[in-house]
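One file, work-v9.cif, carrying mmCIF, N, CA and C atoms:
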data_input
loop_
_atom_site.label_atom_id
_atom_site.label_comp_id
_atom_site.auth_asym_id
_atom_site.auth_seq_id
_atom_site.Cartn_x
_atom_site.Cartn_y
_atom_site.Cartn_z
N MET X 211 88.56 139.94 94.21
CA MET X 211 88.78 138.60 93.68
C MET X 211 87.87 138.38 92.47
N ILE X 212 88.45 137.88 91.41
CA ILE X 212 87.70 137.64 90.17
C ILE X 212 87.32 136.16 90.11
N SER X 213 86.11 135.89 89.66
CA SER X 213 85.68 134.50 89.53
C SER X 213 86.38 133.87 88.32
N ASN X 214 86.46 132.55 88.33
CA ASN X 214 87.08 131.84 87.21
C ASN X 214 86.33 132.09 85.91
N LYS X 215 85.01 132.09 85.96
CA LYS X 215 84.23 132.35 84.75
C LYS X 215 84.47 133.76 84.22
N SER X 216 84.60 134.73 85.13
CA SER X 216 84.88 136.11 84.71
C SER X 216 86.26 136.22 84.08
N LEU X 217 87.21 135.49 84.62
CA LEU X 217 88.56 135.50 84.05
C LEU X 217 88.54 134.93 82.62
N VAL X 218 87.80 133.85 82.43
CA VAL X 218 87.68 133.26 81.09
C VAL X 218 86.94 134.22 80.15
N ALA X 219 85.96 134.95 80.66
CA ALA X 219 85.27 135.95 79.84
C ALA X 219 86.27 137.00 79.35
N LYS X 220 87.22 137.36 80.19
CA LYS X 220 88.26 138.32 79.78
C LYS X 220 89.13 137.75 78.66
N TYR X 221 89.35 136.44 78.67
CA TYR X 221 90.09 135.79 77.58
C TYR X 221 89.37 136.02 76.25
N TYR X 222 88.07 135.82 76.23
CA TYR X 222 87.33 136.01 74.98
C TYR X 222 87.22 137.49 74.62
N GLU X 223 87.15 138.36 75.60
CA GLU X 223 87.19 139.81 75.33
C GLU X 223 88.51 140.18 74.67
N MET X 224 89.61 139.57 75.15
CA MET X 224 90.93 139.82 74.57
C MET X 224 90.94 139.44 73.09
N TRP X 225 90.45 138.22 72.78
CA TRP X 225 90.40 137.79 71.38
C TRP X 225 89.51 138.72 70.55
N ASN X 226 88.33 139.03 71.03
CA ASN X 226 87.37 139.79 70.24
C ASN X 226 87.80 141.24 70.04
N SER X 227 88.57 141.79 70.97
CA SER X 227 89.07 143.15 70.83
C SER X 227 90.44 143.18 70.15
N HIS X 228 91.07 142.00 70.02
CA HIS X 228 92.42 141.85 69.46
C HIS X 228 93.46 142.56 70.32
N ASP X 229 93.17 142.72 71.60
CA ASP X 229 94.09 143.38 72.53
C ASP X 229 94.91 142.32 73.25
N LEU X 230 95.97 141.86 72.59
CA LEU X 230 96.78 140.79 73.15
C LEU X 230 97.59 141.21 74.37
N ASN X 231 97.65 142.50 74.65
CA ASN X 231 98.32 142.95 75.88
C ASN X 231 97.60 142.43 77.11
N GLN X 232 96.32 142.10 76.97
CA GLN X 232 95.57 141.55 78.10
C GLN X 232 96.11 140.19 78.54
N ALA X 233 96.81 139.51 77.63
CA ALA X 233 97.39 138.22 77.96
C ALA X 233 98.33 138.34 79.17
N ASP X 234 99.05 139.45 79.26
CA ASP X 234 99.98 139.66 80.37
C ASP X 234 99.25 139.74 81.71
N ILE X 235 97.99 140.08 81.67
CA ILE X 235 97.20 140.25 82.90
C ILE X 235 96.48 138.96 83.28
N ILE X 236 95.94 138.25 82.29
CA ILE X 236 95.06 137.11 82.61
C ILE X 236 95.77 135.76 82.62
N PHE X 237 96.96 135.68 82.02
CA PHE X 237 97.67 134.41 81.93
C PHE X 237 98.78 134.29 82.96
N SER X 238 99.00 133.06 83.39
CA SER X 238 100.19 132.72 84.15
C SER X 238 101.38 132.79 83.19
N PRO X 239 102.56 133.20 83.68
CA PRO X 239 103.74 133.21 82.80
C PRO X 239 104.05 131.83 82.21
N GLU X 240 103.63 130.78 82.88
CA GLU X 240 103.88 129.40 82.42
C GLU X 240 102.70 128.82 81.63
N LEU X 241 101.84 129.68 81.09
CA LEU X 241 100.67 129.22 80.35
C LEU X 241 101.02 128.11 79.37
N ARG X 242 100.20 127.06 79.37
CA ARG X 242 100.30 125.99 78.36
C ARG X 242 99.01 126.05 77.55
N PHE X 243 99.17 126.14 76.23
CA PHE X 243 98.04 126.31 75.32
C PHE X 243 98.14 125.28 74.21
N ARG X 244 97.01 124.66 73.90
CA ARG X 244 96.91 123.79 72.73
C ARG X 244 95.71 124.23 71.93
N GLY X 245 95.96 124.73 70.71
CA GLY X 245 94.90 125.26 69.86
C GLY X 245 94.27 124.19 69.00
N SER X 246 93.13 124.50 68.45
CA SER X 246 92.36 123.53 67.67
C SER X 246 93.04 123.15 66.36
N ILE X 247 93.98 123.97 65.87
CA ILE X 247 94.67 123.60 64.63
C ILE X 247 95.95 122.82 64.92
N GLY X 248 96.13 122.41 66.17
CA GLY X 248 97.25 121.55 66.53
C GLY X 248 98.48 122.27 67.04
N VAL X 249 98.44 123.58 67.13
CA VAL X 249 99.58 124.35 67.61
C VAL X 249 99.60 124.31 69.14
N GLU X 250 100.79 124.11 69.69
CA GLU X 250 100.97 124.14 71.15
C GLU X 250 101.97 125.23 71.49
N THR X 251 101.66 125.97 72.54
CA THR X 251 102.57 127.03 73.00
C THR X 251 102.79 126.90 74.49
N VAL X 252 103.93 127.43 74.93
CA VAL X 252 104.24 127.51 76.35
C VAL X 252 104.68 128.94 76.63
N GLY X 253 104.02 129.58 77.58
CA GLY X 253 104.36 130.96 77.92
C GLY X 253 103.51 131.96 77.16
N ILE X 254 103.50 133.17 77.69
CA ILE X 254 102.66 134.23 77.14
C ILE X 254 103.13 134.67 75.76
N GLU X 255 104.43 134.84 75.57
CA GLU X 255 104.93 135.33 74.28
C GLU X 255 104.64 134.35 73.15
N GLU X 256 104.82 133.05 73.39
CA GLU X 256 104.49 132.07 72.35
C GLU X 256 103.01 132.10 72.02
N PHE X 257 102.16 132.27 73.05
CA PHE X 257 100.73 132.38 72.80
C PHE X 257 100.44 133.60 71.92
N LYS X 258 101.06 134.73 72.22
CA LYS X 258 100.84 135.95 71.42
C LYS X 258 101.27 135.74 69.97
N GLU X 259 102.37 135.03 69.76
CA GLU X 259 102.82 134.74 68.39
C GLU X 259 101.75 133.92 67.65
N TYR X 260 101.23 132.90 68.33
CA TYR X 260 100.16 132.08 67.75
C TYR X 260 98.93 132.95 67.45
N ALA X 261 98.53 133.75 68.41
CA ALA X 261 97.34 134.59 68.24
C ALA X 261 97.51 135.55 67.06
N ASN X 262 98.70 136.09 66.88
CA ASN X 262 98.95 137.00 65.76
C ASN X 262 98.83 136.27 64.42
N ILE X 263 99.26 135.02 64.36
CA ILE X 263 99.09 134.22 63.14
C ILE X 263 97.60 134.05 62.82
N ILE X 264 96.83 133.72 63.85
CA ILE X 264 95.38 133.53 63.67
C ILE X 264 94.72 134.84 63.26
N LEU X 265 95.08 135.94 63.93
CA LEU X 265 94.44 137.23 63.62
C LEU X 265 94.88 137.80 62.28
N THR X 266 96.04 137.39 61.79
CA THR X 266 96.45 137.78 60.44
C THR X 266 95.60 137.03 59.41
N ALA X 267 95.35 135.76 59.66
CA ALA X 267 94.51 134.96 58.76
C ALA X 267 93.05 135.39 58.83
N PHE X 268 92.60 135.75 60.03
CA PHE X 268 91.19 136.09 60.27
C PHE X 268 91.10 137.40 61.05
N PRO X 269 91.32 138.55 60.39
CA PRO X 269 91.41 139.81 61.13
C PRO X 269 90.11 140.26 61.81
N ASN X 270 88.98 139.70 61.42
CA ASN X 270 87.73 140.05 62.08
C ASN X 270 87.18 138.87 62.90
N LEU X 271 88.08 138.03 63.37
CA LEU X 271 87.67 136.85 64.14
C LEU X 271 86.84 137.25 65.35
N TYR X 272 85.74 136.53 65.53
CA TYR X 272 84.87 136.76 66.69
C TYR X 272 84.55 135.43 67.35
N HIS X 273 84.68 135.40 68.66
CA HIS X 273 84.34 134.22 69.46
C HIS X 273 83.00 134.49 70.16
N ALA X 274 81.98 133.75 69.82
CA ALA X 274 80.68 133.88 70.49
C ALA X 274 80.55 132.76 71.51
N THR X 275 80.61 133.11 72.78
CA THR X 275 80.49 132.09 73.82
C THR X 275 79.02 131.75 74.00
N GLU X 276 78.73 130.44 73.96
CA GLU X 276 77.34 130.00 74.03
C GLU X 276 77.04 129.27 75.33
N ILE X 277 77.99 128.49 75.82
CA ILE X 277 77.81 127.76 77.09
C ILE X 277 79.09 127.91 77.90
N VAL X 278 78.95 128.26 79.17
CA VAL X 278 80.09 128.38 80.07
C VAL X 278 79.76 127.61 81.34
N ILE X 279 80.61 126.64 81.67
CA ILE X 279 80.41 125.82 82.87
C ILE X 279 81.70 125.86 83.68
N GLY X 280 81.57 126.13 84.96
CA GLY X 280 82.76 126.16 85.81
C GLY X 280 82.58 125.29 87.04
N GLU X 281 83.65 124.61 87.40
CA GLU X 281 83.64 123.81 88.62
C GLU X 281 85.06 123.81 89.18
N GLY X 282 85.20 124.30 90.39
CA GLY X 282 86.52 124.37 90.99
C GLY X 282 87.45 125.21 90.14
N SER X 283 88.62 124.67 89.83
CA SER X 283 89.62 125.41 89.05
C SER X 283 89.44 125.24 87.55
N GLN X 284 88.37 124.59 87.11
CA GLN X 284 88.15 124.31 85.69
C GLN X 284 86.95 125.10 85.14
N VAL X 285 87.10 125.55 83.90
CA VAL X 285 86.00 126.20 83.19
C VAL X 285 85.97 125.61 81.78
N ALA X 286 84.78 125.25 81.32
CA ALA X 286 84.58 124.74 79.96
C ALA X 286 83.66 125.69 79.22
N VAL X 287 83.98 125.94 77.95
CA VAL X 287 83.21 126.90 77.16
C VAL X 287 82.95 126.32 75.78
N TYR X 288 81.69 126.41 75.33
CA TYR X 288 81.32 126.07 73.95
C TYR X 288 81.26 127.38 73.17
N VAL X 289 81.96 127.44 72.05
CA VAL X 289 82.14 128.68 71.31
C VAL X 289 81.81 128.47 69.83
N THR X 290 81.27 129.52 69.20
CA THR X 290 81.17 129.56 67.75
C THR X 290 82.09 130.66 67.26
N TYR X 291 82.94 130.28 66.29
CA TYR X 291 83.90 131.21 65.71
C TYR X 291 83.38 131.68 64.36
N THR X 292 83.46 132.99 64.11
CA THR X 292 83.12 133.54 62.81
C THR X 292 84.22 134.51 62.39
N ALA X 293 84.46 134.58 61.08
CA ALA X 293 85.50 135.47 60.57
C ALA X 293 85.49 135.43 59.05
N THR X 294 86.38 136.23 58.48
CA THR X 294 86.64 136.20 57.05
C THR X 294 88.10 135.81 56.86
N HIS X 295 88.35 134.87 55.97
CA HIS X 295 89.70 134.35 55.73
C HIS X 295 90.46 135.32 54.83
N LYS X 296 91.27 136.20 55.43
CA LYS X 296 91.96 137.27 54.70
C LYS X 296 93.46 137.05 54.56
N GLY X 297 94.01 136.06 55.29
CA GLY X 297 95.45 135.82 55.23
C GLY X 297 95.74 134.34 55.28
N LYS X 298 97.00 134.00 55.03
CA LYS X 298 97.39 132.59 54.98
C LYS X 298 97.28 131.95 56.36
N LEU X 299 96.75 130.72 56.38
CA LEU X 299 96.71 129.90 57.58
C LEU X 299 97.22 128.52 57.19
N LEU X 300 98.32 128.11 57.80
CA LEU X 300 98.98 126.86 57.44
C LEU X 300 99.25 126.88 55.94
N GLU X 301 98.78 125.88 55.21
CA GLU X 301 99.03 125.86 53.76
C GLU X 301 97.91 126.53 52.97
N TYR X 302 96.93 127.11 53.66
CA TYR X 302 95.76 127.67 53.00
C TYR X 302 95.92 129.18 52.78
N GLU X 303 96.03 129.57 51.51
CA GLU X 303 96.10 130.99 51.17
C GLU X 303 94.73 131.64 51.41
N ALA X 304 94.73 132.95 51.55
CA ALA X 304 93.49 133.69 51.79
C ALA X 304 92.47 133.41 50.69
N THR X 305 91.23 133.21 51.09
CA THR X 305 90.13 132.95 50.15
C THR X 305 89.05 134.02 50.18
N ASN X 306 89.05 134.86 51.21
CA ASN X 306 87.98 135.82 51.47
C ASN X 306 86.67 135.13 51.83
N ASN X 307 86.72 133.83 52.10
CA ASN X 307 85.52 133.10 52.53
C ASN X 307 85.16 133.47 53.97
N ARG X 308 83.87 133.54 54.21
CA ARG X 308 83.39 133.66 55.59
C ARG X 308 83.46 132.28 56.22
N ILE X 309 83.92 132.22 57.47
CA ILE X 309 83.94 130.95 58.18
C ILE X 309 83.00 131.01 59.36
N ASN X 310 82.51 129.85 59.73
CA ASN X 310 81.63 129.71 60.89
C ASN X 310 81.77 128.26 61.33
N TYR X 311 82.35 128.06 62.50
CA TYR X 311 82.50 126.70 63.03
C TYR X 311 82.52 126.76 64.54
N SER X 312 82.36 125.62 65.17
CA SER X 312 82.23 125.56 66.62
C SER X 312 83.39 124.82 67.26
N GLY X 313 83.51 125.04 68.56
CA GLY X 313 84.54 124.35 69.31
C GLY X 313 84.26 124.44 70.80
N ALA X 314 85.11 123.77 71.56
CA ALA X 314 85.01 123.81 73.02
C ALA X 314 86.41 124.05 73.57
N SER X 315 86.47 124.84 74.61
CA SER X 315 87.75 125.15 75.26
C SER X 315 87.67 124.78 76.73
N PHE X 316 88.79 124.30 77.23
CA PHE X 316 88.88 123.86 78.62
C PHE X 316 90.02 124.61 79.29
N PHE X 317 89.69 125.33 80.35
CA PHE X 317 90.63 126.20 81.03
C PHE X 317 90.93 125.68 82.43
N THR X 318 92.17 125.84 82.86
CA THR X 318 92.56 125.61 84.25
C THR X 318 93.04 126.94 84.80
N ILE X 319 92.58 127.26 85.99
CA ILE X 319 92.91 128.53 86.63
C ILE X 319 93.54 128.27 87.99
N LYS X 320 94.59 129.03 88.29
CA LYS X 320 95.24 128.97 89.60
C LYS X 320 95.66 130.37 89.98
N ASP X 321 95.33 130.77 91.20
CA ASP X 321 95.71 132.09 91.72
C ASP X 321 95.27 133.22 90.78
N GLU X 322 94.04 133.13 90.28
CA GLU X 322 93.43 134.14 89.43
C GLU X 322 94.17 134.37 88.12
N LYS X 323 94.85 133.33 87.63
CA LYS X 323 95.53 133.37 86.32
C LYS X 323 95.18 132.10 85.56
N ILE X 324 95.02 132.21 84.26
CA ILE X 324 94.80 131.04 83.41
C ILE X 324 96.14 130.35 83.22
N THR X 325 96.19 129.06 83.58
CA THR X 325 97.45 128.32 83.49
C THR X 325 97.48 127.32 82.33
N ASP X 326 96.31 126.91 81.87
CA ASP X 326 96.24 125.88 80.82
C ASP X 326 94.96 126.07 80.01
N ILE X 327 95.10 125.95 78.68
CA ILE X 327 93.95 126.03 77.78
C ILE X 327 94.08 124.93 76.74
N LYS X 328 93.03 124.18 76.58
CA LYS X 328 92.95 123.17 75.53
C LYS X 328 91.72 123.49 74.68
N VAL X 329 91.93 123.70 73.39
CA VAL X 329 90.85 124.07 72.48
C VAL X 329 90.62 122.92 71.50
N LEU X 330 89.38 122.49 71.42
CA LEU X 330 88.98 121.46 70.47
C LEU X 330 87.99 122.10 69.50
N GLY X 331 88.46 122.38 68.30
CA GLY X 331 87.60 122.99 67.30
C GLY X 331 87.29 122.01 66.19
N ASP X 332 86.24 122.28 65.46
CA ASP X 332 85.84 121.44 64.34
C ASP X 332 86.73 121.79 63.14
N ARG X 333 87.96 121.23 63.15
CA ARG X 333 88.93 121.51 62.09
C ARG X 333 88.39 121.14 60.71
N TYR X 334 87.67 120.05 60.64
CA TYR X 334 87.11 119.62 59.36
C TYR X 334 86.23 120.72 58.77
N ALA X 335 85.36 121.29 59.59
CA ALA X 335 84.49 122.36 59.11
C ALA X 335 85.32 123.58 58.71
N LEU X 336 86.31 123.94 59.53
CA LEU X 336 87.16 125.09 59.20
C LEU X 336 87.87 124.87 57.87
N TYR X 337 88.58 123.75 57.73
CA TYR X 337 89.36 123.53 56.53
C TYR X 337 88.49 123.45 55.29
N ASN X 338 87.30 122.90 55.41
CA ASN X 338 86.38 122.85 54.26
C ASN X 338 85.93 124.24 53.84
N GLN X 339 85.97 125.20 54.75
CA GLN X 339 85.54 126.55 54.42
C GLN X 339 86.68 127.42 53.86
N ILE X 340 87.93 126.98 54.05
CA ILE X 340 89.06 127.79 53.57
C ILE X 340 89.89 127.09 52.48
N LYS X 341 89.56 125.86 52.17
CA LYS X 341 90.34 125.17 51.13
C LYS X 341 89.96 125.71 49.75
N PRO X 342 90.91 125.66 48.83
CA PRO X 342 90.59 126.11 47.46
C PRO X 342 89.52 125.22 46.82
N LEU X 343 88.73 125.80 45.98
CA LEU X 343 87.68 125.02 45.29
C LEU X 343 88.26 124.13 44.23
#

Kindly transcribe the structure held in the file into structure tokens.
Amino acid sequence: MISNKSLVAKYYEMWNSHDLNQADIIFSPELRFRGSIGVETVGIEEFKEYANIILTAFPNLYHATEIVIGEGSQVAVYVTYTATHKGKLLEYEATNNRINYSGASFFTIKDEKITDIKVLGDRYALYNQIKPL
């Protein structure tokens, strides 16, 4: 049996290794995801499509987990994101700027699978780092 915090750690390992095949193992097929840039997905395949958009824009994206709190079926994580803006994200063309911003993610787990993720990131800080001068 895997703990909820360990399962969430695998989520960040998936992002940091860019191994999206891990999504099939750690997510419920009915996963509901809301990302910090306002994108919402339902299901594993939609999540992978979203993740590929993010990883195309930020191919060296790294999630540094700083605080992890778990209670019952819920886990909350404070994260710092770092990367280089190498591809288009929304209306923002690649700038080659380094980004560094923080956020918090809230996970719901059931039967050792992540069923729901809500990410609140500092969009203002992100957009200020990737907008054209």

Could you work out an axis-aligned box for range 276-291 of chain X, taking every atom the file lists and adding 5 Å on each side, and report centre and edge lengths in Å to one decimal, as JSON?
{"center_x": 83.3, "center_y": 127.7, "center_z": 77.7, "size_x": 22.6, "size_y": 17.9, "size_z": 36.6}

(request) Using the chain letters and residue numbers of this document, give as a PyMOL selection string the residues selected by the PyMOL selection byres (((chain X and resi 262 and name CA) around 12) and name CA). (result) chain X and resi 225+228-231+255-261+263-269+271+297-299

Mind writing the picked residues with N, CA and C atoms as a JSON list (two decimals), in the frame of the given file?
[["chain", "number", "residue", "atom", "x", "y", "z"],
["X", 225, "TRP", "N", 90.45, 138.22, 72.78],
["X", 225, "TRP", "CA", 90.40, 137.79, 71.38],
["X", 225, "TRP", "C", 89.51, 138.72, 70.55],
["X", 228, "HIS", "N", 91.07, 142.00, 70.02],
["X", 228, "HIS", "CA", 92.42, 141.85, 69.46],
["X", 228, "HIS", "C", 93.46, 142.56, 70.32],
["X", 229, "ASP", "N", 93.17, 142.72, 71.60],
["X", 229, "ASP", "CA", 94.09, 143.38, 72.53],
["X", 229, "ASP", "C", 94.91, 142.32, 73.25],
["X", 230, "LEU", "N", 95.97, 141.86, 72.59],
["X", 230, "LEU", "CA", 96.78, 140.79, 73.15],
["X", 230, "LEU", "C", 97.59, 141.21, 74.37],
["X", 231, "ASN", "N", 97.65, 142.50, 74.65],
["X", 231, "ASN", "CA", 98.32, 142.95, 75.88],
["X", 231, "ASN", "C", 97.60, 142.43, 77.11],
["X", 255, "GLU", "N", 104.43, 134.84, 75.57],
["X", 255, "GLU", "CA", 104.93, 135.33, 74.28],
["X", 255, "GLU", "C", 104.64, 134.35, 73.15],
["X", 256, "GLU", "N", 104.82, 133.05, 73.39],
["X", 256, "GLU", "CA", 104.49, 132.07, 72.35],
["X", 256, "GLU", "C", 103.01, 132.10, 72.02],
["X", 257, "PHE", "N", 102.16, 132.27, 73.05],
["X", 257, "PHE", "CA", 100.73, 132.38, 72.80],
["X", 257, "PHE", "C", 100.44, 133.60, 71.92],
["X", 258, "LYS", "N", 101.06, 134.73, 72.22],
["X", 258, "LYS", "CA", 100.84, 135.95, 71.42],
["X", 258, "LYS", "C", 101.27, 135.74, 69.97],
["X", 259, "GLU", "N", 102.37, 135.03, 69.76],
["X", 259, "GLU", "CA", 102.82, 134.74, 68.39],
["X", 259, "GLU", "C", 101.75, 133.92, 67.65],
["X", 260, "TYR", "N", 101.23, 132.90, 68.33],
["X", 260, "TYR", "CA", 100.16, 132.08, 67.75],
["X", 260, "TYR", "C", 98.93, 132.95, 67.45],
["X", 261, "ALA", "N", 98.53, 133.75, 68.41],
["X", 261, "ALA", "CA", 97.34, 134.59, 68.24],
["X", 261, "ALA", "C", 97.51, 135.55, 67.06],
["X", 263, "ILE", "N", 99.26, 135.02, 64.36],
["X", 263, "ILE", "CA", 99.09, 134.22, 63.14],
["X", 263, "ILE", "C", 97.60, 134.05, 62.82],
["X", 264, "ILE", "N", 96.83, 133.72, 63.85],
["X", 264, "ILE", "CA", 95.38, 133.53, 63.67],
["X", 264, "ILE", "C", 94.72, 134.84, 63.26],
["X", 265, "LEU", "N", 95.08, 135.94, 63.93],
["X", 265, "LEU", "CA", 94.44, 137.23, 63.62],
["X", 265, "LEU", "C", 94.88, 137.80, 62.28],
["X", 266, "THR", "N", 96.04, 137.39, 61.79],
["X", 266, "THR", "CA", 96.45, 137.78, 60.44],
["X", 266, "THR", "C", 95.60, 137.03, 59.41],
["X", 267, "ALA", "N", 95.35, 135.76, 59.66],
["X", 267, "ALA", "CA", 94.51, 134.96, 58.76],
["X", 267, "ALA", "C", 93.05, 135.39, 58.83],
["X", 268, "PHE", "N", 92.60, 135.75, 60.03],
["X", 268, "PHE", "CA", 91.19, 136.09, 60.27],
["X", 268, "PHE", "C", 91.10, 137.40, 61.05],
["X", 269, "PRO", "N", 91.32, 138.55, 60.39],
["X", 269, "PRO", "CA", 91.41, 139.81, 61.13],
["X", 269, "PRO", "C", 90.11, 140.26, 61.81],
["X", 271, "LEU", "N", 88.08, 138.03, 63.37],
["X", 271, "LEU", "CA", 87.67, 136.85, 64.14],
["X", 271, "LEU", "C", 86.84, 137.25, 65.35],
["X", 297, "GLY", "N", 94.01, 136.06, 55.29],
["X", 297, "GLY", "CA", 95.45, 135.82, 55.23],
["X", 297, "GLY", "C", 95.74, 134.34, 55.28],
["X", 298, "LYS", "N", 97.00, 134.00, 55.03],
["X", 298, "LYS", "CA", 97.39, 132.59, 54.98],
["X", 298, "LYS", "C", 97.28, 131.95, 56.36],
["X", 299, "LEU", "N", 96.75, 130.72, 56.38],
["X", 299, "LEU", "CA", 96.71, 129.90, 57.58],
["X", 299, "LEU", "C", 97.22, 128.52, 57.19]]

(request) Would you write out, as number ranges by chain, every residue that the PyMOL selection byres ((chain X and resi 322-333) around 6.5) captures in this file? (result) X: 212, 235-238, 240-247, 311-321, 334-338

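From CA of Pro239 in chain X back to CA of Val252 in chain X, the distance works out to 8.6 Å.
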
(request) Select, from X:Ala304, X:Met211, X:Val287, X:Tyr272, the residue with the minimum atom-to-atom distance to Ser227 in chain X, counting all atoms listed in the file. (result) X:Tyr272

(message) Can you tell me, as a PyMOL selection string, which residues in chain X count as strand (DSSP E) by DSSP?
(response) chain X and resi 237-244+250-252+272-281+284-294+308-320+323-331

(request) Rank nothing, just name the residue among X:Asn226, X:Asn214, X:Asn310, X:Gln339 nearest to His273 in chain X, using only N, CA and C atoms. (result)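 Closest candidate: X:Asn226.
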
(message) Here's the selection I'm unsure about, the PyMOL selection byres ((chain X and resi 215) around 8); applied to the file above, which residues does it give, as a list in words?
(response)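 Selected by the PyMOL selection byres ((chain X and resi 215) around 8) here: Ile212, Ser213, Asn214, Ser216, Leu217, Val218, Ala219, Lys220, Tyr221, Val278, Ile279, Gly280, Glu281, Gln284, Val285 and Ala286 of chain X.
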
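Across the structure, atom C of Ile340 in chain X and CA of Thr294 in chain X are spaced 10.7 Å apart.
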
(message) For Thr275 in chain X, find every residue with an atom within 7 Å (counting only C-alpha atoms), except residues of its own chain fewer than 3 positions away, and show them as a PyMOL selection string.
(response) chain X and resi 287-290

Would you pull range 281-296 of chain X out of the block just shown and save N, CA and C atoms as a tab-separated table (two decimals), in the first residue's frame?
chain	number	residue	atom	x	y	z
X	281	GLU	N	-3.79	14.97	4.81
X	281	GLU	CA	-4.77	14.62	5.84
X	281	GLU	C	-5.89	13.84	5.16
X	282	GLY	N	-6.10	12.63	5.61
X	282	GLY	CA	-7.12	11.79	5.00
X	282	GLY	C	-6.84	11.59	3.52
X	283	SER	N	-7.84	11.84	2.69
X	283	SER	CA	-7.69	11.64	1.24
X	283	SER	C	-7.13	12.86	0.53
X	284	GLN	N	-6.72	13.89	1.26
X	284	GLN	CA	-6.24	15.14	0.67
X	284	GLN	C	-4.74	15.34	0.91
X	285	VAL	N	-4.07	15.88	-0.10
X	285	VAL	CA	-2.66	16.26	0.03
X	285	VAL	C	-2.52	17.65	-0.58
X	286	ALA	N	-1.82	18.54	0.12
X	286	ALA	CA	-1.54	19.89	-0.37
X	286	ALA	C	-0.03	20.05	-0.50
X	287	VAL	N	0.40	20.69	-1.57
X	287	VAL	CA	1.83	20.84	-1.84
X	287	VAL	C	2.12	22.26	-2.27
X	288	TYR	N	3.16	22.87	-1.68
X	288	TYR	CA	3.68	24.16	-2.13
X	288	TYR	C	4.88	23.87	-3.01
X	289	VAL	N	4.89	24.44	-4.21
X	289	VAL	CA	5.89	24.10	-5.22
X	289	VAL	C	6.51	25.37	-5.80
X	290	THR	N	7.79	25.28	-6.15
X	290	THR	CA	8.42	26.31	-6.96
X	290	THR	C	8.75	25.69	-8.32
X	291	TYR	N	8.31	26.39	-9.38
X	291	TYR	CA	8.54	25.93	-10.74
X	291	TYR	C	9.69	26.73	-11.34
X	292	THR	N	10.61	26.03	-12.01
X	292	THR	CA	11.69	26.68	-12.74
X	292	THR	C	11.78	26.05	-14.12
X	293	ALA	N	12.17	26.86	-15.11
X	293	ALA	CA	12.29	26.35	-16.48
X	293	ALA	C	12.83	27.46	-17.37
X	294	THR	N	13.01	27.09	-18.63
X	294	THR	CA	13.35	28.05	-19.67
X	294	THR	C	12.22	28.04	-20.69
X	295	HIS	N	11.77	29.22	-21.07
X	295	HIS	CA	10.64	29.35	-22.00
X	295	HIS	C	11.14	29.15	-23.43
X	296	LYS	N	10.99	27.93	-23.96
X	296	LYS	CA	11.54	27.56	-25.27
X	296	LYS	C	10.48	27.39	-26.35
